[in-house]
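Heads up, the thing below is written out as structure tokens.
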Amino acid sequence: VQLVESGGGSVQPGGSLRLSCVVSGFPFSRYAISWYRQGPGSELEDIVTIGTHGSAIAYAPSVSGRFTAARDDDKRTVTLELNSLKPEDTGIYYCNRARVMGLFGWGQGTQVTVSS
């Protein structure tokens, strides 16, 4: 299994980023996929879960209304649009299977830094 996240960067508060995760090595379309993030000194946070075929998308309250997730089963890719970024959004962002389905080993993640 490979999980390859990209698209992170450094932005000012209020800025935007678009993250991508390309996955391989398992039947992608059969599983709900989640984005997670780990802030400095914080525990890993589940921030969004995308159901199979994009049937349902659940956002954590901390990102609801600002982040938008999507999946493309043909490209085996999940994306995360980050808007209205806040300093507390700073962290490393990862994708993986939804926690209830059992996590794979982690990819390298992509760093998001929000500061003025």
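By order of appearance in the structure tokens: chains A, B, ..., then residues from 1 within every chain, and ligands from 1 in the order shown.
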**Request:** Skip stretch 73-89 of chain A itself and residues of its chain fewer than 4 positions away, then list as a list in words all residues within 7 Å of it, counting only C-alpha atoms.
**Result:**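 Selected residues are Pro13, Gly14, Gly15, Ser16, Leu17, Arg18, Leu19, Ser20, Cys21, Val22, Val23, Phe28, Ser29, Arg66, Phe67, Thr68, Ala69, Val114 and Ser115 of chain A.
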Selection from above, C-alpha atoms, as a short mmCIF file (atom, residue, chain, number, x, y, z; two decimals), in the first residue's frame, can you write it?
```
data_model
loop_
_atom_site.label_atom_id
_atom_site.label_comp_id
_atom_site.auth_asym_id
_atom_site.auth_seq_id
_atom_site.Cartn_x
_atom_site.Cartn_y
_atom_site.Cartn_z
CA PRO A 13 -4.34 33.32 7.49
CA GLY A 14 -7.31 33.40 5.17
CA GLY A 15 -5.38 31.70 2.42
CA SER A 16 -6.15 28.50 0.54
CA LEU A 17 -4.44 25.28 -0.43
CA ARG A 18 -5.40 22.16 -2.33
CA LEU A 19 -4.09 18.84 -1.08
CA SER A 20 -4.04 15.59 -3.01
CA CYS A 21 -3.48 12.00 -2.04
CA VAL A 22 -2.80 9.25 -4.55
CA VAL A 23 -3.23 5.73 -3.28
CA PHE A 28 -9.57 2.01 -3.36
CA SER A 29 -13.19 2.28 -4.46
CA ARG A 66 -14.00 25.78 5.20
CA PHE A 67 -12.64 22.49 3.82
CA THR A 68 -14.05 20.50 0.91
CA ALA A 69 -13.15 16.88 0.24
CA VAL A 114 -0.55 29.00 8.36
CA SER A 115 1.11 32.08 9.78
#
```
**Request:** Record the distance separating atom CA of A:Ile50 and atom CA of A:Val63, expressed in Å with one decimal.
**Result:** 14.1 Å
**Message:** Can you measure atom CA of A:Tyr94 to atom CA of A:Val4 for me? One decimal in Å is fine.
**Reply:** 8.5 Å
**Message:** Restricting the calculation to only C-alpha atoms: of A:Gly25, A:Asn96, A:His53, A:Val48, which residue gets closest to A:Gly65?
**Reply:** A:Val48
**Prompt:** So which bits of chain A end up strand (DSSP E or B) when you DSSP the backbone, as an MDAnalysis selection string?
**Reply:** chainID A and resid 2:6 9:11 17:24 33:38 44:50 57:59 67:72 77:82 91:97 110:114
**Message:** Using only C-alpha atoms, can you tell me which of A:Gly102, A:Arg71, A:Gly91, A:Arg30 comes closest to A:Ile57?
**Reply:**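 Of A:Gly102, A:Arg71, A:Gly91, A:Arg30, the one nearest A:Ile57 is A:Arg71, counting only C-alpha atoms.
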**Message:** Here is a test: counting only C-alpha atoms, which residue of A:Ser64, A:Ser34, A:Gln12, A:Thr52 is nearest to A:Cys95?
**Reply:**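 Looking at the shortest contact to A:Cys95, the residue is A:Ser34.
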**Request:** Compare A:Asp72, A:Ser42, A:Met101, A:Arg37 by their minimum atom-to-atom distance to A:Ala60, counting only C-alpha atoms, and give me the closest one.
**Result:** A:Arg37
**Straight-line distance linking atom CA of A:Gly41 with atom CA of A:Ala58, stated in Å to one decimal** =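 So the answer is 24.7 Å.
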